[in-house]
$ cat start_3.txt   # compact mmCIF, C-alpha atoms
# COMPACT_ATOMS: atom_id res chain seq x y z
CA MET U 21 -50.54 0.24 -15.47
CA MET U 22 -50.87 3.71 -13.92
CA ASN U 23 -51.49 3.56 -10.22
CA ALA U 24 -54.12 5.71 -8.50
CA GLU U 25 -51.60 8.13 -7.06
CA CYS U 26 -50.13 8.92 -10.47
CA ARG U 27 -53.53 9.37 -12.14
CA VAL U 28 -54.70 12.12 -9.77
CA GLU U 29 -51.43 14.03 -10.04
CA SER U 30 -51.18 16.46 -12.94
CA ASP U 31 -48.03 16.74 -15.03
CA GLY U 32 -47.27 20.13 -13.50
CA GLU U 33 -47.57 18.78 -9.96
CA ARG U 34 -45.36 15.85 -10.83
CA VAL U 35 -42.66 18.15 -12.20
CA VAL U 36 -42.80 20.28 -9.05
CA ARG U 37 -42.60 17.17 -6.85
CA ALA U 38 -39.58 15.86 -8.78
CA ALA U 39 -37.85 19.25 -8.58
CA ARG U 40 -38.45 19.44 -4.82
CA LEU U 41 -37.13 15.93 -4.33
CA ARG U 42 -34.04 16.63 -6.40
CA SER U 43 -33.42 19.88 -4.61
CA SER U 44 -33.74 18.27 -1.18
CA LEU U 45 -31.38 15.43 -2.13
CA ILE U 46 -28.74 17.82 -3.48
CA THR U 47 -29.06 20.18 -0.53
CA HIS U 48 -28.57 17.26 1.82
CA HIS U 49 -25.52 16.05 -0.08
CA SER U 50 -23.89 19.45 -0.60
CA SER U 51 -24.36 20.54 2.99
CA ARG U 52 -22.55 17.43 4.13
CA ILE U 53 -19.63 18.11 1.79
CA THR U 54 -19.42 21.75 2.83
CA GLN U 55 -19.57 20.79 6.46
CA ASN U 56 -16.77 18.27 6.06
CA LEU U 57 -14.59 20.71 4.14
CA ARG U 58 -15.22 23.36 6.77
CA THR U 59 -14.10 21.08 9.57
CA MET U 60 -10.92 20.21 7.67
CA PHE U 61 -8.01 20.94 9.98
CA VAL U 62 -4.92 19.75 8.17
CA ASN U 63 -4.30 21.59 4.89
CA ILE U 64 -3.98 19.87 1.52
CA ARG U 65 -0.18 19.89 1.41
CA ALA U 66 0.00 18.40 4.89
CA GLN U 67 -2.52 15.71 3.91
CA VAL U 68 -0.32 14.72 0.96
CA LEU U 69 2.80 14.72 3.13
CA LEU U 70 1.00 12.53 5.69
CA TRP U 71 0.19 10.11 2.87
CA ALA U 72 3.84 10.13 1.74
CA ALA U 73 5.02 9.64 5.33
CA GLN U 74 2.75 6.65 5.70
CA ARG U 75 4.04 5.05 2.51
CA ILE U 76 7.69 5.65 3.43
CA SER U 77 7.18 4.39 6.98
CA ALA U 78 5.45 1.30 5.54
CA ALA U 79 8.56 0.54 3.48
CA VAL U 80 10.75 0.92 6.59
CA LEU U 81 8.35 -1.29 8.57
CA ALA U 82 8.46 -4.02 5.94
CA LEU U 83 12.23 -4.32 6.44
CA CYS U 84 12.11 -3.90 10.22
CA VAL U 85 9.39 -6.53 10.72
CA VAL U 86 11.34 -9.10 8.68
CA ALA U 87 14.58 -8.38 10.60
CA HIS U 88 12.71 -8.47 13.92
CA LEU U 89 11.06 -11.82 13.11
CA ILE U 90 14.39 -13.34 12.05
CA THR U 91 15.95 -12.06 15.29
CA MET U 92 13.13 -13.50 17.39
CA ILE U 93 13.26 -16.90 15.68
CA TYR U 94 17.06 -16.96 16.10
CA ALA U 95 16.77 -16.10 19.80
CA VAL U 96 14.10 -18.74 20.48
CA ARG U 97 15.75 -21.52 18.46
CA ASN U 98 19.10 -20.93 20.12
CA GLY U 99 17.51 -20.79 23.55
CA LEU U 100 18.88 -17.37 24.40
CA SER U 101 17.95 -16.25 27.91
CA ALA U 102 16.77 -12.72 28.67
CA ALA U 103 20.15 -11.98 30.20
CA GLU U 104 21.94 -13.20 27.07
CA ILE U 105 19.73 -11.07 24.84
CA LEU U 106 20.32 -8.02 27.04
CA GLY U 107 24.01 -8.79 26.93
CA ARG U 108 23.91 -8.32 23.17
CA THR U 109 21.67 -5.27 23.03
CA ARG U 110 23.12 -3.22 25.92
CA GLY U 111 25.48 -0.57 24.71
CA ASN U 112 25.12 -1.76 21.13
CA PRO U 113 24.50 1.28 18.90
CA GLY U 114 23.49 -0.98 15.97
CA TRP U 115 20.57 -2.57 17.81
CA PHE U 116 19.65 0.79 19.29
CA ALA U 117 19.52 2.41 15.83
CA PHE U 118 17.55 -0.51 14.38
CA TYR U 119 14.86 -0.52 17.08
CA ALA U 120 14.75 3.28 17.23
CA ALA U 121 13.98 3.32 13.48
CA PHE U 122 11.38 0.57 14.03
CA VAL U 123 9.63 2.52 16.80
CA LEU U 124 9.74 5.74 14.80
CA ALA U 125 8.19 4.03 11.76
CA VAL U 126 5.42 2.54 13.92
CA SER U 127 4.74 5.90 15.57
CA ILE U 128 4.35 7.54 12.16
CA HIS U 129 2.56 4.74 10.32
CA ALA U 130 -0.06 3.65 12.84
CA PRO U 131 -1.67 7.02 13.66
CA ILE U 132 -1.92 8.04 9.99
CA GLY U 133 -3.59 4.75 9.13
CA LEU U 134 -5.86 5.04 12.15
CA ARG U 135 -6.80 8.54 11.03
CA SER U 136 -8.20 7.14 7.75
CA VAL U 137 -9.91 4.22 9.46
CA LEU U 138 -11.65 6.45 12.03
CA ALA U 139 -12.65 9.00 9.36
CA GLU U 140 -14.17 6.34 7.13
CA ILE U 141 -15.91 4.24 9.77
CA PHE U 142 -17.21 7.02 12.03
CA ASP U 143 -17.34 9.87 9.47
CA TRP U 144 -15.12 11.73 11.93
CA ARG U 145 -13.02 14.64 10.64
CA GLY U 146 -11.47 17.79 11.93
CA ARG U 147 -9.58 18.96 14.96
CA GLY U 148 -10.73 16.24 17.38
CA LEU U 149 -9.60 13.47 15.06
CA GLU U 150 -6.23 15.09 14.34
CA TRP U 151 -5.44 15.57 18.03
CA THR U 152 -6.59 12.06 18.90
CA VAL U 153 -4.28 10.38 16.40
CA PHE U 154 -1.46 12.79 17.25
CA VAL U 155 -1.70 11.80 20.92
CA ILE U 156 -1.78 8.11 19.93
CA GLY U 157 1.38 8.65 17.85
CA ILE U 158 3.15 10.35 20.75
CA ALA U 159 2.05 7.59 23.13
CA LEU U 160 3.37 4.89 20.76
CA ALA U 161 6.67 6.75 20.40
CA PHE U 162 7.00 7.21 24.18
CA LEU U 163 6.26 3.57 25.01
CA GLY U 164 8.43 2.30 22.17
CA PHE U 165 11.44 4.47 22.93
CA ARG U 166 11.17 3.64 26.63
CA ALA U 167 11.47 -0.05 25.71
CA VAL U 168 14.37 0.60 23.31
CA TRP U 169 16.15 2.66 25.97
CA ALA U 170 15.58 -0.08 28.55
CA VAL U 171 17.35 -2.73 26.46
CA PHE U 172 20.14 -0.34 25.47
CA LEU U 173 21.14 0.99 28.88
CA MET I 14 -40.07 -19.44 -25.16
CA SER I 15 -38.69 -19.29 -21.62
CA THR I 16 -39.42 -16.54 -19.16
CA LEU I 17 -37.21 -14.35 -17.00
CA ARG I 18 -38.26 -13.54 -13.45
CA VAL I 19 -37.07 -9.95 -13.09
CA SER I 20 -37.01 -8.10 -9.75
CA VAL I 21 -36.95 -4.36 -10.32
CA TRP I 22 -36.43 -1.68 -7.68
CA ARG I 23 -39.47 0.54 -7.20
CA GLY I 24 -39.50 3.67 -5.11
CA GLN I 25 -36.82 6.06 -3.94
CA GLU I 26 -34.23 5.54 -1.18
CA SER I 27 -36.82 3.38 0.51
CA GLY I 28 -38.81 1.08 -1.68
CA HIS I 29 -39.12 -2.55 -2.67
CA PHE I 30 -38.37 -4.96 -5.48
CA GLN I 31 -41.29 -5.71 -7.78
CA THR I 32 -41.23 -8.88 -9.84
CA PHE I 33 -42.11 -9.07 -13.53
CA ASP I 34 -42.17 -11.97 -15.97
CA VAL I 35 -40.37 -11.05 -19.17
CA PRO I 36 -40.04 -13.25 -22.29
CA ARG I 37 -36.48 -14.47 -22.74
CA LEU I 38 -35.14 -13.63 -26.19
CA GLU I 39 -31.95 -14.35 -28.03
CA SER I 40 -29.22 -11.66 -27.72
CA GLN I 41 -31.43 -9.82 -25.21
CA THR I 42 -29.75 -7.04 -23.24
CA VAL I 43 -30.66 -5.95 -19.73
CA LEU I 44 -31.84 -2.65 -21.21
CA ASP I 45 -34.15 -4.62 -23.52
CA VAL I 46 -35.63 -6.26 -20.43
CA VAL I 47 -36.26 -2.96 -18.67
CA THR I 48 -37.70 -1.46 -21.86
CA HIS I 49 -40.06 -4.42 -22.25
CA ILE I 50 -41.30 -3.93 -18.70
CA GLN I 51 -41.98 -0.23 -19.27
CA ASN I 52 -43.49 -0.68 -22.75
CA SER I 53 -45.64 -3.71 -22.05
CA LEU I 54 -46.08 -4.30 -18.32
CA ASP I 55 -45.86 -1.11 -16.28
CA PRO I 56 -45.51 2.32 -17.93
CA THR I 57 -44.85 3.98 -14.56
CA LEU I 58 -41.39 2.39 -14.36
CA SER I 59 -38.68 5.08 -14.56
CA TYR I 60 -35.27 4.44 -16.06
CA ARG I 61 -32.74 6.35 -18.11
CA PHE I 62 -31.14 5.60 -21.45
CA ALA I 63 -30.23 7.38 -24.66
CA CYS I 64 -27.90 5.90 -27.27
CA ARG I 65 -28.35 2.14 -26.62
CA VAL I 66 -24.91 1.47 -28.13
CA GLY I 67 -22.51 2.12 -25.24
CA MET I 68 -21.59 5.68 -26.05
CA CYS I 69 -23.65 7.97 -23.84
CA GLY I 70 -23.22 6.47 -20.38
CA SER I 71 -26.88 6.98 -19.39
CA CYS I 72 -28.16 3.49 -18.76
CA ALA I 73 -25.95 2.18 -15.94
CA MET I 74 -27.83 0.22 -13.27
CA THR I 75 -27.10 -2.39 -10.64
CA VAL I 76 -27.67 -5.79 -12.20
CA ASN I 77 -27.55 -8.83 -9.93
CA GLY I 78 -25.59 -6.78 -7.38
CA ARG I 79 -23.04 -5.26 -9.78
CA ALA I 80 -23.03 -1.92 -11.53
CA ARG I 81 -23.12 -2.38 -15.30
CA TRP I 82 -23.97 -0.55 -18.51
CA THR I 83 -27.23 -2.24 -19.36
CA CYS I 84 -27.34 -1.53 -23.11
CA ARG I 85 -24.20 -3.59 -23.73
CA THR I 86 -24.85 -6.26 -21.11
CA HIS I 87 -26.46 -9.37 -22.48
CA VAL I 88 -28.76 -11.20 -20.09
CA SER I 89 -26.78 -14.37 -20.81
CA LYS I 90 -23.69 -12.66 -19.40
CA VAL I 91 -25.20 -11.96 -15.99
CA THR I 92 -27.36 -15.00 -15.36
CA THR I 93 -27.40 -18.61 -16.39
CA GLY I 94 -30.78 -19.13 -14.74
CA ASP I 95 -34.04 -17.27 -15.11
CA LYS I 96 -33.63 -14.63 -12.37
CA LEU I 97 -32.53 -11.06 -12.75
CA GLU I 98 -32.39 -8.31 -10.14
CA ILE I 99 -32.16 -4.74 -11.41
CA GLY I 100 -31.71 -1.73 -9.14
CA PRO I 101 -30.45 1.84 -9.34
CA LEU I 102 -26.74 2.66 -9.06
CA SER I 103 -25.31 2.67 -5.54
CA ASN I 104 -23.66 5.70 -3.91
CA LEU I 105 -26.05 8.14 -5.58
CA PRO I 106 -29.44 9.50 -4.45
CA VAL I 107 -32.33 7.61 -6.02
CA ILE I 108 -34.89 9.87 -7.70
CA LYS I 109 -37.30 7.10 -8.67
CA ASP I 110 -37.04 3.40 -9.50
CA LEU I 111 -33.89 2.95 -11.62
CA VAL I 112 -33.10 6.64 -11.99
CA THR I 113 -30.38 8.11 -9.81
CA ASP I 114 -29.49 11.75 -9.39
CA MET I 115 -26.13 12.13 -11.14
CA ALA I 116 -25.59 15.67 -9.84
CA PRO I 117 -23.20 14.69 -7.01
CA PHE I 118 -21.19 12.62 -9.50
CA PHE I 119 -20.75 15.46 -12.01
CA ASP I 120 -20.35 18.10 -9.29
CA LYS I 121 -17.25 16.18 -8.28
CA TRP I 122 -15.91 16.32 -11.85
CA ALA I 123 -16.21 20.09 -11.54
CA ARG I 124 -14.52 20.06 -8.10
CA ALA I 125 -11.66 18.03 -9.59
CA ARG I 126 -11.31 20.76 -12.22
CA GLY I 127 -12.17 18.30 -14.95
CA ARG I 128 -12.54 21.02 -17.57
CA PHE I 129 -9.83 21.77 -20.11
CA GLN I 130 -8.31 25.19 -19.79
CA GLY I 131 -5.97 26.36 -22.54
CA LYS I 132 -4.25 29.58 -23.40
CA GLN I 133 -4.54 29.55 -27.18
CA THR I 134 -7.13 31.50 -29.08
CA ARG I 135 -8.91 30.74 -32.33
CA ARG I 136 -6.27 32.81 -34.11
CA ASP I 137 -3.49 30.46 -33.05
CA ASP I 138 -2.48 27.45 -35.07
CA PHE I 139 -3.53 23.97 -33.95
CA ALA I 140 -1.49 22.60 -31.09
CA ARG I 141 0.55 19.66 -32.26
CA VAL I 142 0.76 16.80 -29.77
CA PRO I 143 2.78 13.88 -31.16
CA PRO I 144 0.90 10.64 -30.43
CA GLU I 145 4.03 8.81 -29.26
CA THR I 146 4.91 11.23 -26.45
CA PRO I 147 4.56 9.78 -22.93
CA GLU I 148 2.00 12.41 -21.87
CA ARG I 149 -0.19 11.75 -24.89
CA ARG I 150 -0.04 8.00 -24.27
CA LEU I 151 -1.07 8.44 -20.63
CA ALA I 152 -3.94 10.71 -21.63
CA ASP I 153 -5.01 8.25 -24.35
CA ALA I 154 -5.16 5.41 -21.84
CA ALA I 155 -7.73 7.24 -19.74
CA ILE I 156 -9.61 9.44 -22.22
CA GLU I 157 -12.44 7.15 -23.32
CA CYS I 158 -14.57 7.57 -20.18
CA ILE I 159 -18.28 7.93 -21.01
CA GLY I 160 -19.29 9.14 -17.54
CA CYS I 161 -21.62 6.24 -16.85
CA GLY I 162 -21.00 6.23 -13.08
CA VAL I 163 -20.30 2.48 -12.87
CA CYS I 164 -16.92 3.08 -11.19
CA TYR I 165 -18.39 5.61 -8.76
CA SER I 166 -21.16 3.22 -7.83
CA SER I 167 -18.69 0.34 -7.34
CA CYS I 168 -16.21 2.26 -5.18
CA ASP I 169 -16.05 1.41 -1.46
CA VAL I 170 -14.26 4.64 -0.63
CA VAL I 171 -17.09 6.69 -2.14
CA ALA I 172 -19.47 4.80 0.16
CA TRP I 173 -17.30 5.50 3.22
CA ASN I 174 -16.16 9.03 2.47
CA THR I 175 -18.84 11.41 1.19
CA ASP I 176 -16.27 13.98 0.12
CA TYR I 177 -14.18 11.59 -1.98
CA LEU I 178 -14.08 12.74 -5.59
CA GLY I 179 -14.33 9.21 -6.94
CA PRO I 180 -12.60 7.31 -9.73
CA ALA I 181 -14.21 9.00 -12.75
CA ALA I 182 -13.48 12.58 -11.68
CA LEU I 183 -9.90 11.68 -10.78
CA ASN I 184 -9.44 9.77 -14.03
CA ARG I 185 -10.64 12.83 -15.93
CA ALA I 186 -8.26 15.06 -13.98
CA TRP I 187 -5.37 12.74 -14.86
CA THR I 188 -6.07 13.10 -18.60
CA LEU I 189 -5.83 16.88 -18.17
CA VAL I 190 -2.68 16.69 -16.05
CA ASN I 191 -1.15 14.94 -19.06
CA ASP I 192 -2.59 17.37 -21.58
CA VAL I 193 0.38 19.51 -22.59
CA ARG I 194 -1.97 22.27 -23.81
CA ASP I 195 -3.70 22.64 -20.44
CA THR I 196 -2.76 25.58 -18.22
CA ASP I 197 -4.64 24.73 -15.04
CA GLY I 198 -2.14 22.16 -13.76
CA ARG I 199 -1.28 23.45 -10.34
CA ALA I 200 -4.84 24.34 -9.34
CA ARG I 201 -5.95 20.92 -10.52
CA LEU I 202 -3.31 19.13 -8.47
CA VAL I 203 -4.49 21.05 -5.40
CA ALA I 204 -8.09 20.10 -6.22
CA VAL I 205 -7.38 16.37 -6.52
CA ALA I 206 -4.94 15.97 -3.61
CA GLY I 207 -5.57 14.97 -0.03
CA ASP I 208 -8.21 13.22 2.04
CA ALA I 209 -11.06 13.93 -0.38
CA GLY I 210 -8.93 13.33 -3.45
CA CYS I 211 -6.61 10.70 -4.86
CA HIS I 212 -4.95 9.98 -1.50
CA ALA I 213 -8.18 8.54 -0.13
CA CYS I 214 -8.05 5.69 -2.69
CA HIS I 215 -7.33 2.29 -1.12
CA THR I 216 -6.53 0.67 -4.47
CA HIS I 217 -9.34 -1.89 -4.16
CA MET I 218 -9.59 -1.66 -7.96
CA SER I 219 -13.34 -2.24 -8.20
CA CYS I 220 -13.48 0.72 -10.59
CA THR I 221 -10.93 -0.88 -12.88
CA GLU I 222 -12.57 -4.28 -12.69
CA ARG I 223 -16.02 -2.96 -13.56
CA CYS I 224 -15.30 -0.13 -15.99
CA PRO I 225 -17.26 -1.05 -19.12
CA LYS I 226 -14.73 0.81 -21.26
CA LYS I 227 -11.88 -1.23 -19.74
CA LEU I 228 -10.15 1.86 -18.41
CA SER I 229 -8.05 1.82 -15.27
CA PRO I 230 -9.01 4.70 -12.99
CA THR I 231 -6.76 3.03 -10.39
CA ALA I 232 -3.74 3.66 -12.61
CA SER I 233 -4.84 7.25 -13.17
CA ILE I 234 -5.25 7.77 -9.42
CA ALA I 235 -1.79 6.27 -8.82
CA GLY I 236 -0.42 8.78 -11.34
CA LEU I 237 -2.13 11.62 -9.50
CA LYS I 238 -0.71 10.38 -6.19
CA ARG I 239 2.80 10.54 -7.62
CA ALA I 240 2.28 13.94 -9.26
CA THR I 241 0.73 15.51 -6.16
CA ALA I 242 3.30 14.00 -3.79
CA LEU I 243 6.11 15.48 -5.91
CA ALA I 244 4.32 18.84 -5.98
CA ALA I 245 3.87 18.73 -2.19
CA LEU I 246 7.55 17.94 -1.65
CA ARG I 247 8.47 20.85 -3.90
CA GLY I 248 6.14 23.11 -1.94
CA GLU I 249 3.89 23.66 -4.96
CA LEU I 250 0.61 22.58 -3.37
$ encode --input "start_3.txt" --output "structure tokens"
Amino acid sequence: MMNAECRVESDGERVVRAARLRSSLITHHSSRITQNLRTMFVNIRAQVLLWAAQRISAAVLALCVVAHLITMIYAVRNGLSAAEILGRTRGNPGWFAFYAAFVLAVSIHAPIGLRSVLAEIFDWRGRGLEWTVFVIGIALAFLGFRAVWAVFL
Amino acid sequence: MSTLRVSVWRGQESGHFQTFDVPRLESQTVLDVVTHIQNSLDPTLSYRFACRVGMCGSCAMTVNGRARWTCRTHVSKVTTGDKLEIGPLSNLPVIKDLVTDMAPFFDKWARARGRFQGKQTRRDDFARVPPETPERRLADAAIECIGCGVCYSSCDVVAWNTDYLGPAALNRAWTLVNDVRDTDGRARLVAVAGDAGCHACHTHMSCTERCPKKLSPTASIAGLKRATALAALRGEL
């Protein structure tokens, strides 16, 4: 059943209307892509290396989290006091190296993941995003290393 | 004869579902249902199809919430009751009713450098690519894509990231990366790498689950991730 609107519209007019609609949809879509590519701050190679860094840091984190959980459960089950724990970590290069690697992996992994999350949820790309996650990474590293240093010294 | 209650999307980006009663037939496909509506109930309904045998990739639509090729989808496969909901593909602009604008989808194939580029001329002999070589096997595994857009429509990352090339374009690029005759390798790896390329994939695997040709774009994308990461480490990107 042809509706009234279609009956009064000639074939020519309908073709023009369809072409306009298509053109407006494509223009809208392309301009968004161009805009996003223009605001790209980190080059392609760096984007791939960030991806690789996140995968490698994830592998390190998988090991560190397991070791950390085992350590925590051991400490709690054996009723170790804070002083006893510090007695084992202070001056111990092994624990220092382990937790330094842990903090480094977190400081690399979290900001890169956050970068994707923020880009996808808020459609946020470009310089502002890169600096934001960079600062978060530095902050995580600073806080983490301060804690590692505190239990080592 | 029983009857199907079919809700069909009418309009463009904004619109509504219109309900039609369609006779239920044996071995009826979803495309048969849509065709019946246009032929017998409402000739203003717009939809797209061509081959009707699963070769051309024209007739993909969203059926009961999932992207499917409608010509090879029996009604009995998607509903045990009498209700069917048919809409246009997601993640693409709707032109009218069940017709989406596929331009963004194919533009991304072009951006992914999905076109073969060789160096031989018509005067050269045929290239011989032994079927058992690893490259040929990898290309074979991904080559049967019909460009229906089901994977693109099913992909969460496409919905979240407008720039993302999508599973089909990346799958196509992977076949060419493995084509020993192709000479555009490095430029293609640059085109498919990074935040808008294969590294945006979260491996949700909706594309692989829903591909009507049973391909695995996820595996192709994983291959591209490895190839581009190696190229980046070598300083070739």
$ atom_distance --input "start_3.txt" --atom1 "CA of Leu111 in chain I" --atom2 "CA of Lys96 in chain I"
17.6 Å
$ closest_atom_pairs --input "start_3.txt" --of "chain I" --to "chain U" --cutoff "10 Å" --atoms "only C-alpha atoms" --output "JSON lines"
{"residue": "I:Gln25", "atom": "CA", "partner": "U:Leu41", "partner_atom": "CA", "distance": 9.9}
{"residue": "I:Gln51", "atom": "CA", "partner": "U:Met21", "partner_atom": "CA", "distance": 9.4}
{"residue": "I:Ser53", "atom": "CA", "partner": "U:Met21", "partner_atom": "CA", "distance": 9.1}
{"residue": "I:Leu54", "atom": "CA", "partner": "U:Met21", "partner_atom": "CA", "distance": 7.0}
{"residue": "I:Asp55", "atom": "CA", "partner": "U:Met21", "partner_atom": "CA", "distance": 4.9}
{"residue": "I:Pro56", "atom": "CA", "partner": "U:Met21", "partner_atom": "CA", "distance": 6.0}
{"residue": "I:Thr57", "atom": "CA", "partner": "U:Met22", "partner_atom": "CA", "distance": 6.1}
{"residue": "I:Leu58", "atom": "CA", "partner": "U:Met21", "partner_atom": "CA", "distance": 9.5}
{"residue": "I:Leu105", "atom": "CA", "partner": "U:His49", "partner_atom": "CA", "distance": 9.6}
{"residue": "I:Pro106", "atom": "CA", "partner": "U:Leu45", "partner_atom": "CA", "distance": 6.7}
{"residue": "I:Val107", "atom": "CA", "partner": "U:Leu45", "partner_atom": "CA", "distance": 8.8}
{"residue": "I:Ile108", "atom": "CA", "partner": "U:Arg42", "partner_atom": "CA", "distance": 6.9}
{"residue": "I:Lys109", "atom": "CA", "partner": "U:Ala38", "partner_atom": "CA", "distance": 9.1}
{"residue": "I:Thr113", "atom": "CA", "partner": "U:Arg42", "partner_atom": "CA", "distance": 9.9}
{"residue": "I:Asp114", "atom": "CA", "partner": "U:Arg42", "partner_atom": "CA", "distance": 7.3}
{"residue": "I:Met115", "atom": "CA", "partner": "U:Ile46", "partner_atom": "CA", "distance": 9.9}
{"residue": "I:Ala116", "atom": "CA", "partner": "U:Ile46", "partner_atom": "CA", "distance": 7.4}
{"residue": "I:Pro117", "atom": "CA", "partner": "U:Ile46", "partner_atom": "CA", "distance": 7.3}
{"residue": "I:Asp120", "atom": "CA", "partner": "U:Ser50", "partner_atom": "CA", "distance": 9.5}
{"residue": "I:Val170", "atom": "CA", "partner": "U:Glu140", "partner_atom": "CA", "distance": 7.9}
{"residue": "I:Val171", "atom": "CA", "partner": "U:Glu140", "partner_atom": "CA", "distance": 9.7}
{"residue": "I:Ala172", "atom": "CA", "partner": "U:Glu140", "partner_atom": "CA", "distance": 8.9}
{"residue": "I:Trp173", "atom": "CA", "partner": "U:Glu140", "partner_atom": "CA", "distance": 5.1}
{"residue": "I:Asn174", "atom": "CA", "partner": "U:Glu140", "partner_atom": "CA", "distance": 5.7}
{"residue": "I:Thr175", "atom": "CA", "partner": "U:Ile53", "partner_atom": "CA", "distance": 6.8}
{"residue": "I:Asp176", "atom": "CA", "partner": "U:Ile53", "partner_atom": "CA", "distance": 5.6}
{"residue": "I:Tyr177", "atom": "CA", "partner": "U:Ile53", "partner_atom": "CA", "distance": 9.3}
{"residue": "I:Val203", "atom": "CA", "partner": "U:Ile64", "partner_atom": "CA", "distance": 7.0}
{"residue": "I:Ala204", "atom": "CA", "partner": "U:Ile64", "partner_atom": "CA", "distance": 8.8}
{"residue": "I:Val205", "atom": "CA", "partner": "U:Ile64", "partner_atom": "CA", "distance": 9.4}
{"residue": "I:Ala206", "atom": "CA", "partner": "U:Ile64", "partner_atom": "CA", "distance": 6.5}
{"residue": "I:Gly207", "atom": "CA", "partner": "U:Gln67", "partner_atom": "CA", "distance": 5.0}
{"residue": "I:Asp208", "atom": "CA", "partner": "U:Gln67", "partner_atom": "CA", "distance": 6.5}
{"residue": "I:Ala209", "atom": "CA", "partner": "U:Leu57", "partner_atom": "CA", "distance": 8.9}
{"residue": "I:Gly210", "atom": "CA", "partner": "U:Ile64", "partner_atom": "CA", "distance": 9.6}
{"residue": "I:Cys211", "atom": "CA", "partner": "U:Val68", "partner_atom": "CA", "distance": 9.5}
{"residue": "I:His212", "atom": "CA", "partner": "U:Trp71", "partner_atom": "CA", "distance": 6.7}
{"residue": "I:Ala213", "atom": "CA", "partner": "U:Ser136", "partner_atom": "CA", "distance": 8.0}
{"residue": "I:Lys238", "atom": "CA", "partner": "U:Val68", "partner_atom": "CA", "distance": 8.4}
{"residue": "I:Arg239", "atom": "CA", "partner": "U:Ala72", "partner_atom": "CA", "distance": 9.4}
{"residue": "I:Thr241", "atom": "CA", "partner": "U:Val68", "partner_atom": "CA", "distance": 7.2}
{"residue": "I:Ala242", "atom": "CA", "partner": "U:Val68", "partner_atom": "CA", "distance": 6.0}
{"residue": "I:Leu243", "atom": "CA", "partner": "U:Val68", "partner_atom": "CA", "distance": 9.4}
{"residue": "I:Ala244", "atom": "CA", "partner": "U:Arg65", "partner_atom": "CA", "distance": 8.7}
{"residue": "I:Ala245", "atom": "CA", "partner": "U:Arg65", "partner_atom": "CA", "distance": 5.5}
{"residue": "I:Leu246", "atom": "CA", "partner": "U:Leu69", "partner_atom": "CA", "distance": 7.5}
{"residue": "I:Gly248", "atom": "CA", "partner": "U:Arg65", "partner_atom": "CA", "distance": 7.8}
{"residue": "I:Glu249", "atom": "CA", "partner": "U:Arg65", "partner_atom": "CA", "distance": 8.4}
{"residue": "I:Leu250", "atom": "CA", "partner": "U:Arg65", "partner_atom": "CA", "distance": 5.5}
$ closest_residue --input "start_3.txt" --among "I:Lys90, I:Arg37, I:Thr75, I:Ala181" --to "Ile159 in chain I" --atoms "only C-alpha atoms"
I:Ala181
$ closest_residue --input "start_3.txt" --among "U:Leu100, U:Ala125, U:Ala95, U:Ala120" --to "Ser77 in chain U" --atoms "only C-alpha atoms"
U:Ala125
$ atom_distance --input "start_3.txt" --atom1 "CA of Leu17 in chain I" --atom2 "CA of Cys72 in chain I"
20.1 Å
$ atom_distance --input "start_3.txt" --atom1 "CA of Cys164 in chain I" --atom2 "CA of Cys224 in chain I"
6.0 Å
$ residues_near_point --input "start_3.txt" --point "(16.4, 2.8, 23.1)" --cutoff "12 Å" --atoms "only C-alpha atoms" --output "PDB file with C-alpha atoms, in the frame of the given file"
ATOM      1  CA  THR U 109      21.670  -5.270  23.030  1.00  0.00           C
ATOM      2  CA  ARG U 110      23.120  -3.220  25.920  1.00  0.00           C
ATOM      3  CA  GLY U 111      25.480  -0.570  24.710  1.00  0.00           C
ATOM      4  CA  ASN U 112      25.120  -1.760  21.130  1.00  0.00           C
ATOM      5  CA  PRO U 113      24.500   1.280  18.900  1.00  0.00           C
ATOM      6  CA  GLY U 114      23.490  -0.980  15.970  1.00  0.00           C
ATOM      7  CA  TRP U 115      20.570  -2.570  17.810  1.00  0.00           C
ATOM      8  CA  PHE U 116      19.650   0.790  19.290  1.00  0.00           C
ATOM      9  CA  ALA U 117      19.520   2.410  15.830  1.00  0.00           C
ATOM     10  CA  PHE U 118      17.550  -0.510  14.380  1.00  0.00           C
ATOM     11  CA  TYR U 119      14.860  -0.520  17.080  1.00  0.00           C
ATOM     12  CA  ALA U 120      14.750   3.280  17.230  1.00  0.00           C
ATOM     13  CA  ALA U 121      13.980   3.320  13.480  1.00  0.00           C
ATOM     14  CA  PHE U 122      11.380   0.570  14.030  1.00  0.00           C
ATOM     15  CA  VAL U 123       9.630   2.520  16.800  1.00  0.00           C
ATOM     16  CA  LEU U 124       9.740   5.740  14.800  1.00  0.00           C
ATOM     17  CA  ALA U 161       6.670   6.750  20.400  1.00  0.00           C
ATOM     18  CA  PHE U 162       7.000   7.210  24.180  1.00  0.00           C
ATOM     19  CA  LEU U 163       6.260   3.570  25.010  1.00  0.00           C
ATOM     20  CA  GLY U 164       8.430   2.300  22.170  1.00  0.00           C
ATOM     21  CA  PHE U 165      11.440   4.470  22.930  1.00  0.00           C
ATOM     22  CA  ARG U 166      11.170   3.640  26.630  1.00  0.00           C
ATOM     23  CA  ALA U 167      11.470  -0.050  25.710  1.00  0.00           C
ATOM     24  CA  VAL U 168      14.370   0.600  23.310  1.00  0.00           C
ATOM     25  CA  TRP U 169      16.150   2.660  25.970  1.00  0.00           C
ATOM     26  CA  ALA U 170      15.580  -0.080  28.550  1.00  0.00           C
ATOM     27  CA  VAL U 171      17.350  -2.730  26.460  1.00  0.00           C
ATOM     28  CA  PHE U 172      20.140  -0.340  25.470  1.00  0.00           C
ATOM     29  CA  LEU U 173      21.140   0.990  28.880  1.00  0.00           C
TER      30      LEU U 173
END
